[in-house]
Amino acid sequence: MTTAPTLYLSGSASFQQTPVFTGLDLNIRAGEWTCLLGSSGVGKSTILKLFAGLADQVQFDGTLGADGCVLDGHVALMAQDDLLMPWLTALENVLLGARLRGETPDVARAKDVLARVGLADKSAQTPSELSGGQRQRVALARTLMEDRPIVLLDEPFSALDAKTRAQMQDLACELLAGRTVLLVTHDPAEAARLGHKIVLMTHHGSREITPPTSKAPRLGTDPDVLRAQGELLALLCEDDPEK
């Protein structure tokens, strides 16, 4: 794997002449988790698409990139939708990236990752036979299979119950250690648990919030995590697009 780089984005974006964000200056530190937290419509997913090279309809005025490497070929993206191929089994979906690149699929590793996300007994089932949470875990497994130094995650745990969500957060932190991870979330608790750096995006700009000092993934009952969660929630509640 290429050494995980620092990412940078500075500028403004619009969609069909409507501003998405303006004057954003974002630095995503190498080998750490940066959490983008904010309500819907502030441009979080647009930022992921820009880094992934999938924002063809977005007008971006500024600079973005990665120190020391090109983005193309070094990015793994997990989108909000699971994007599973309905005619493939769970195992085949996890192996999809390798097959599209013409590589020999590592079936044993794919089965292991499926087991780690709790779906060893679902490997032969198609997406229509899985629940929403199970589909999201297949999509997570597919992302974890990609050996990329940059990982972009868009609400990757949103369809999971509280217990499974915490388990998958812990697993992602374990398997993505040392990579540059940009996580989009609406959940203050998630940002407080996982973020080495937390950027709060609002309809009026962005600001960096000091994360808890303990090592991620943090315990949800940690007093510093609860403090950060409460502070983030209060700031989210203050964000009014009309003001």
# chains A, B, ... in the order shown; residues from 1 in each chain; ligands from 1
$ select_by_dssp --residues "segment 54-103 of chain A" --states "helix (DSSP H, G or I)" --output "mmCIF file with all heavy atoms, in the first residue's frame"
data_model
loop_
_atom_site.group_PDB
_atom_site.id
_atom_site.type_symbol
_atom_site.label_atom_id
_atom_site.label_comp_id
_atom_site.auth_asym_id
_atom_site.auth_seq_id
_atom_site.Cartn_x
_atom_site.Cartn_y
_atom_site.Cartn_z
ATOM 1 N N ALA A 90 -23.570 -11.882 -1.899
ATOM 2 C CA ALA A 90 -22.822 -11.022 -0.981
ATOM 3 C C ALA A 90 -21.322 -11.197 -1.198
ATOM 4 O O ALA A 90 -20.577 -10.208 -1.281
ATOM 5 C CB ALA A 90 -23.200 -11.348 0.457
ATOM 6 N N LEU A 91 -20.871 -12.435 -1.296
ATOM 7 C CA LEU A 91 -19.439 -12.693 -1.504
ATOM 8 C C LEU A 91 -18.969 -12.116 -2.833
ATOM 9 O O LEU A 91 -17.897 -11.486 -2.905
ATOM 10 C CB LEU A 91 -19.163 -14.190 -1.453
ATOM 11 C CG LEU A 91 -17.698 -14.623 -1.672
ATOM 12 C CD1 LEU A 91 -16.799 -14.034 -0.595
ATOM 13 C CD2 LEU A 91 -17.597 -16.144 -1.703
ATOM 14 N N GLU A 92 -19.744 -12.294 -3.864
ATOM 15 C CA GLU A 92 -19.355 -11.767 -5.172
ATOM 16 C C GLU A 92 -19.324 -10.241 -5.166
ATOM 17 O O GLU A 92 -18.480 -9.622 -5.838
ATOM 18 C CB GLU A 92 -20.320 -12.283 -6.238
ATOM 19 C CG GLU A 92 -20.159 -13.770 -6.520
ATOM 20 C CD GLU A 92 -21.306 -14.351 -7.335
ATOM 21 O OE1 GLU A 92 -22.401 -13.725 -7.377
ATOM 22 O OE2 GLU A 92 -21.115 -15.424 -7.924
ATOM 23 N N ASN A 93 -20.225 -9.612 -4.422
ATOM 24 C CA ASN A 93 -20.189 -8.158 -4.301
ATOM 25 C C ASN A 93 -18.930 -7.683 -3.582
ATOM 26 O O ASN A 93 -18.340 -6.667 -3.954
ATOM 27 C CB ASN A 93 -21.440 -7.660 -3.571
ATOM 28 C CG ASN A 93 -22.576 -7.320 -4.515
ATOM 29 O OD1 ASN A 93 -22.522 -6.326 -5.227
ATOM 30 N ND2 ASN A 93 -23.608 -8.149 -4.531
ATOM 31 N N VAL A 94 -18.514 -8.408 -2.563
ATOM 32 C CA VAL A 94 -17.298 -8.039 -1.843
ATOM 33 C C VAL A 94 -16.081 -8.149 -2.757
ATOM 34 O O VAL A 94 -15.125 -7.372 -2.654
ATOM 35 C CB VAL A 94 -17.134 -8.921 -0.587
ATOM 36 C CG1 VAL A 94 -15.784 -8.683 0.080
ATOM 37 C CG2 VAL A 94 -18.258 -8.629 0.406
ATOM 38 N N LEU A 96 -16.078 -7.634 -5.989
ATOM 39 C CA LEU A 96 -16.343 -6.933 -7.237
ATOM 40 C C LEU A 96 -15.170 -6.065 -7.688
ATOM 41 O O LEU A 96 -14.833 -6.029 -8.876
ATOM 42 C CB LEU A 96 -17.602 -6.083 -7.090
ATOM 43 C CG LEU A 96 -18.068 -5.348 -8.353
ATOM 44 C CD1 LEU A 96 -18.381 -6.330 -9.469
ATOM 45 C CD2 LEU A 96 -19.289 -4.489 -8.031
ATOM 46 N N GLY A 97 -14.551 -5.352 -6.770
ATOM 47 C CA GLY A 97 -13.453 -4.461 -7.146
ATOM 48 C C GLY A 97 -12.329 -5.197 -7.851
ATOM 49 O O GLY A 97 -11.828 -4.755 -8.893
ATOM 50 N N ALA A 98 -11.911 -6.319 -7.293
ATOM 51 C CA ALA A 98 -10.839 -7.108 -7.897
ATOM 52 C C ALA A 98 -11.237 -7.597 -9.285
ATOM 53 O O ALA A 98 -10.434 -7.556 -10.231
ATOM 54 C CB ALA A 98 -10.484 -8.287 -6.997
ATOM 55 N N ARG A 99 -12.466 -8.061 -9.429
ATOM 56 C CA ARG A 99 -12.913 -8.575 -10.729
ATOM 57 C C ARG A 99 -12.944 -7.457 -11.773
ATOM 58 O O ARG A 99 -12.555 -7.663 -12.932
ATOM 59 C CB ARG A 99 -14.295 -9.220 -10.584
ATOM 60 C CG ARG A 99 -14.290 -10.487 -9.729
ATOM 61 C CD ARG A 99 -15.620 -11.216 -9.809
ATOM 62 N NE ARG A 99 -15.663 -12.380 -8.933
ATOM 63 C CZ ARG A 99 -15.135 -13.565 -9.210
ATOM 64 N NH1 ARG A 99 -14.501 -13.742 -10.357
ATOM 65 N NH2 ARG A 99 -15.241 -14.577 -8.356
ATOM 66 N N LEU A 100 -13.400 -6.263 -11.390
ATOM 67 C CA LEU A 100 -13.451 -5.154 -12.341
ATOM 68 C C LEU A 100 -12.053 -4.722 -12.774
ATOM 69 O O LEU A 100 -11.864 -4.241 -13.898
ATOM 70 C CB LEU A 100 -14.190 -3.965 -11.721
ATOM 71 C CG LEU A 100 -15.701 -4.136 -11.518
ATOM 72 C CD1 LEU A 100 -16.287 -2.940 -10.794
ATOM 73 C CD2 LEU A 100 -16.407 -4.347 -12.853
#
$ residues_around --residues "Pro5 of chain A" --least-positions-apart "4" --cutoff "6 Å" --atoms "only C-alpha atoms" --output "list in words"
Ala30, Ala66 and Asp67 of chain A
$ residues_around --residues "Leu26 of chain A" --least-positions-apart "5" --cutoff "12 Å" --atoms "only C-alpha atoms" --output "PyMOL selection string"
chain A and resi 6-12+21+34-36+44+47-48+51+62-66+182+197-201+205-208
$ select_by_dssp --residues "segment 15-239 of chain A" --states "strand (DSSP E or B)" --output "ChimeraX atom specification"
/A:15,18-28,33-37,58-66,69,75-78,150-154,180-185,197-202,205-209
$ atom_distance --atom1 "atom CA of Gln169 of chain A" --atom2 "atom CA of Asp240 of chain A"
29.6 Å
$ closest_residue --among "A:Asp187, A:Asp170, A:Glu238, A:Asp154" --to "Arg218 of chain A" --atoms "only C-alpha atoms"
A:Asp170
$ atom_distance --atom1 "atom CA of Pro211 of chain A" --atom2 "atom CA of Gln229 of chain A"
9.4 Å
$ atom_distance --atom1 "atom CA of Ser39 of chain A" --atom2 "atom CA of Leu183 of chain A"
13.9 Å
$ decode --residues "segment 166-195 of chain A" --atoms "N, CA, C and O atoms" --output "PDB file, in the first residue's frame"
ATOM      1  N   ALA A 166     -21.646   0.104  16.847  1.00  0.00           N
ATOM      2  CA  ALA A 166     -20.421   0.209  17.644  1.00  0.00           C
ATOM      3  C   ALA A 166     -19.417  -0.866  17.240  1.00  0.00           C
ATOM      4  O   ALA A 166     -18.206  -0.601  17.153  1.00  0.00           O
ATOM      5  N   GLN A 167     -19.895  -2.081  16.984  1.00  0.00           N
ATOM      6  CA  GLN A 167     -19.002  -3.164  16.577  1.00  0.00           C
ATOM      7  C   GLN A 167     -18.349  -2.859  15.230  1.00  0.00           C
ATOM      8  O   GLN A 167     -17.142  -3.098  15.052  1.00  0.00           O
ATOM      9  N   MET A 168     -19.106  -2.346  14.277  1.00  0.00           N
ATOM     10  CA  MET A 168     -18.556  -2.046  12.958  1.00  0.00           C
ATOM     11  C   MET A 168     -17.621  -0.836  13.004  1.00  0.00           C
ATOM     12  O   MET A 168     -16.631  -0.777  12.269  1.00  0.00           O
ATOM     13  N   GLN A 169     -17.918   0.124  13.863  1.00  0.00           N
ATOM     14  CA  GLN A 169     -16.992   1.240  14.045  1.00  0.00           C
ATOM     15  C   GLN A 169     -15.642   0.737  14.558  1.00  0.00           C
ATOM     16  O   GLN A 169     -14.583   1.139  14.059  1.00  0.00           O
ATOM     17  N   ASP A 170     -15.689  -0.153  15.545  1.00  0.00           N
ATOM     18  CA  ASP A 170     -14.449  -0.707  16.100  1.00  0.00           C
ATOM     19  C   ASP A 170     -13.683  -1.484  15.034  1.00  0.00           C
ATOM     20  O   ASP A 170     -12.448  -1.370  14.925  1.00  0.00           O
ATOM     21  N   LEU A 171     -14.397  -2.283  14.246  1.00  0.00           N
ATOM     22  CA  LEU A 171     -13.754  -3.081  13.215  1.00  0.00           C
ATOM     23  C   LEU A 171     -13.119  -2.189  12.149  1.00  0.00           C
ATOM     24  O   LEU A 171     -11.978  -2.438  11.714  1.00  0.00           O
ATOM     25  N   ALA A 172     -13.839  -1.159  11.724  1.00  0.00           N
ATOM     26  CA  ALA A 172     -13.295  -0.258  10.707  1.00  0.00           C
ATOM     27  C   ALA A 172     -12.037   0.444  11.218  1.00  0.00           C
ATOM     28  O   ALA A 172     -11.056   0.588  10.478  1.00  0.00           O
ATOM     29  N   CYS A 173     -12.055   0.868  12.473  1.00  0.00           N
ATOM     30  CA  CYS A 173     -10.862   1.503  13.039  1.00  0.00           C
ATOM     31  C   CYS A 173      -9.681   0.538  13.045  1.00  0.00           C
ATOM     32  O   CYS A 173      -8.536   0.929  12.760  1.00  0.00           O
ATOM     33  N   GLU A 174      -9.949  -0.723  13.348  1.00  0.00           N
ATOM     34  CA  GLU A 174      -8.884  -1.732  13.367  1.00  0.00           C
ATOM     35  C   GLU A 174      -8.320  -1.977  11.971  1.00  0.00           C
ATOM     36  O   GLU A 174      -7.090  -1.949  11.766  1.00  0.00           O
ATOM     37  N   LEU A 175      -9.195  -2.211  10.999  1.00  0.00           N
ATOM     38  CA  LEU A 175      -8.738  -2.614   9.675  1.00  0.00           C
ATOM     39  C   LEU A 175      -8.256  -1.439   8.825  1.00  0.00           C
ATOM     40  O   LEU A 175      -7.540  -1.650   7.837  1.00  0.00           O
ATOM     41  N   LEU A 176      -8.637  -0.229   9.178  1.00  0.00           N
ATOM     42  CA  LEU A 176      -8.207   0.946   8.413  1.00  0.00           C
ATOM     43  C   LEU A 176      -7.125   1.736   9.134  1.00  0.00           C
ATOM     44  O   LEU A 176      -6.837   2.878   8.767  1.00  0.00           O
ATOM     45  N   ALA A 177      -6.515   1.138  10.141  1.00  0.00           N
ATOM     46  CA  ALA A 177      -5.438   1.815  10.874  1.00  0.00           C
ATOM     47  C   ALA A 177      -4.313   2.194   9.912  1.00  0.00           C
ATOM     48  O   ALA A 177      -3.918   1.413   9.048  1.00  0.00           O
ATOM     49  N   GLY A 178      -3.817   3.422  10.046  1.00  0.00           N
ATOM     50  CA  GLY A 178      -2.727   3.901   9.219  1.00  0.00           C
ATOM     51  C   GLY A 178      -3.153   4.514   7.905  1.00  0.00           C
ATOM     52  O   GLY A 178      -2.321   5.064   7.180  1.00  0.00           O
ATOM     53  N   ARG A 179      -4.439   4.428   7.578  1.00  0.00           N
ATOM     54  CA  ARG A 179      -4.942   5.033   6.347  1.00  0.00           C
ATOM     55  C   ARG A 179      -5.512   6.422   6.625  1.00  0.00           C
ATOM     56  O   ARG A 179      -5.869   6.742   7.758  1.00  0.00           O
ATOM     57  N   THR A 180      -5.580   7.218   5.580  1.00  0.00           N
ATOM     58  CA  THR A 180      -6.212   8.528   5.684  1.00  0.00           C
ATOM     59  C   THR A 180      -7.700   8.344   5.437  1.00  0.00           C
ATOM     60  O   THR A 180      -8.115   8.023   4.320  1.00  0.00           O
ATOM     61  N   VAL A 181      -8.502   8.519   6.484  1.00  0.00           N
ATOM     62  CA  VAL A 181      -9.937   8.245   6.416  1.00  0.00           C
ATOM     63  C   VAL A 181     -10.713   9.552   6.571  1.00  0.00           C
ATOM     64  O   VAL A 181     -10.471  10.316   7.509  1.00  0.00           O
ATOM     65  N   LEU A 182     -11.627   9.779   5.637  1.00  0.00           N
ATOM     66  CA  LEU A 182     -12.541  10.924   5.724  1.00  0.00           C
ATOM     67  C   LEU A 182     -13.942  10.367   5.886  1.00  0.00           C
ATOM     68  O   LEU A 182     -14.476   9.715   4.984  1.00  0.00           O
ATOM     69  N   LEU A 183     -14.530  10.603   7.049  1.00  0.00           N
ATOM     70  CA  LEU A 183     -15.844  10.059   7.403  1.00  0.00           C
ATOM     71  C   LEU A 183     -16.879  11.166   7.453  1.00  0.00           C
ATOM     72  O   LEU A 183     -16.727  12.134   8.206  1.00  0.00           O
ATOM     73  N   VAL A 184     -17.935  11.025   6.658  1.00  0.00           N
ATOM     74  CA  VAL A 184     -19.077  11.933   6.713  1.00  0.00           C
ATOM     75  C   VAL A 184     -20.119  11.332   7.634  1.00  0.00           C
ATOM     76  O   VAL A 184     -20.478  10.156   7.510  1.00  0.00           O
ATOM     77  N   THR A 185     -20.621  12.132   8.564  1.00  0.00           N
ATOM     78  CA  THR A 185     -21.611  11.635   9.516  1.00  0.00           C
ATOM     79  C   THR A 185     -22.548  12.756   9.943  1.00  0.00           C
ATOM     80  O   THR A 185     -22.192  13.945   9.918  1.00  0.00           O
ATOM     81  N   HIS A 186     -23.775  12.361  10.335  1.00  0.00           N
ATOM     82  CA  HIS A 186     -24.716  13.281  10.975  1.00  0.00           C
ATOM     83  C   HIS A 186     -24.734  13.082  12.490  1.00  0.00           C
ATOM     84  O   HIS A 186     -25.458  13.783  13.194  1.00  0.00           O
ATOM     85  N   ASP A 187     -23.972  12.129  12.979  1.00  0.00           N
ATOM     86  CA  ASP A 187     -24.090  11.646  14.355  1.00  0.00           C
ATOM     87  C   ASP A 187     -22.974  12.206  15.243  1.00  0.00           C
ATOM     88  O   ASP A 187     -21.810  11.817  15.097  1.00  0.00           O
ATOM     89  N   PRO A 188     -23.294  13.105  16.192  1.00  0.00           N
ATOM     90  CA  PRO A 188     -22.261  13.639  17.083  1.00  0.00           C
ATOM     91  C   PRO A 188     -21.548  12.563  17.885  1.00  0.00           C
ATOM     92  O   PRO A 188     -20.337  12.663  18.124  1.00  0.00           O
ATOM     93  N   ALA A 189     -22.279  11.527  18.311  1.00  0.00           N
ATOM     94  CA  ALA A 189     -21.654  10.457  19.084  1.00  0.00           C
ATOM     95  C   ALA A 189     -20.608   9.723  18.254  1.00  0.00           C
ATOM     96  O   ALA A 189     -19.541   9.338  18.756  1.00  0.00           O
ATOM     97  N   GLU A 190     -20.910   9.511  16.986  1.00  0.00           N
ATOM     98  CA  GLU A 190     -19.978   8.828  16.101  1.00  0.00           C
ATOM     99  C   GLU A 190     -18.703   9.647  15.911  1.00  0.00           C
ATOM    100  O   GLU A 190     -17.584   9.112  15.970  1.00  0.00           O
ATOM    101  N   ALA A 191     -18.862  10.936  15.670  1.00  0.00           N
ATOM    102  CA  ALA A 191     -17.696  11.803  15.512  1.00  0.00           C
ATOM    103  C   ALA A 191     -16.860  11.832  16.784  1.00  0.00           C
ATOM    104  O   ALA A 191     -15.619  11.805  16.727  1.00  0.00           O
ATOM    105  N   ALA A 192     -17.516  11.888  17.933  1.00  0.00           N
ATOM    106  CA  ALA A 192     -16.794  11.931  19.208  1.00  0.00           C
ATOM    107  C   ALA A 192     -16.051  10.624  19.476  1.00  0.00           C
ATOM    108  O   ALA A 192     -14.987  10.628  20.088  1.00  0.00           O
ATOM    109  N   ARG A 193     -16.610   9.498  19.043  1.00  0.00           N
ATOM    110  CA  ARG A 193     -15.963   8.198  19.245  1.00  0.00           C
ATOM    111  C   ARG A 193     -14.767   8.000  18.323  1.00  0.00           C
ATOM    112  O   ARG A 193     -13.755   7.418  18.712  1.00  0.00           O
ATOM    113  N   LEU A 194     -14.868   8.455  17.069  1.00  0.00           N
ATOM    114  CA  LEU A 194     -13.930   8.020  16.037  1.00  0.00           C
ATOM    115  C   LEU A 194     -12.933   9.081  15.578  1.00  0.00           C
ATOM    116  O   LEU A 194     -11.879   8.729  15.043  1.00  0.00           O
ATOM    117  N   GLY A 195     -13.241  10.343  15.746  1.00  0.00           N
ATOM    118  CA  GLY A 195     -12.451  11.377  15.099  1.00  0.00           C
ATOM    119  C   GLY A 195     -11.124  11.699  15.775  1.00  0.00           C
ATOM    120  O   GLY A 195     -11.098  11.989  16.968  1.00  0.00           O
TER     121      GLY A 195
END
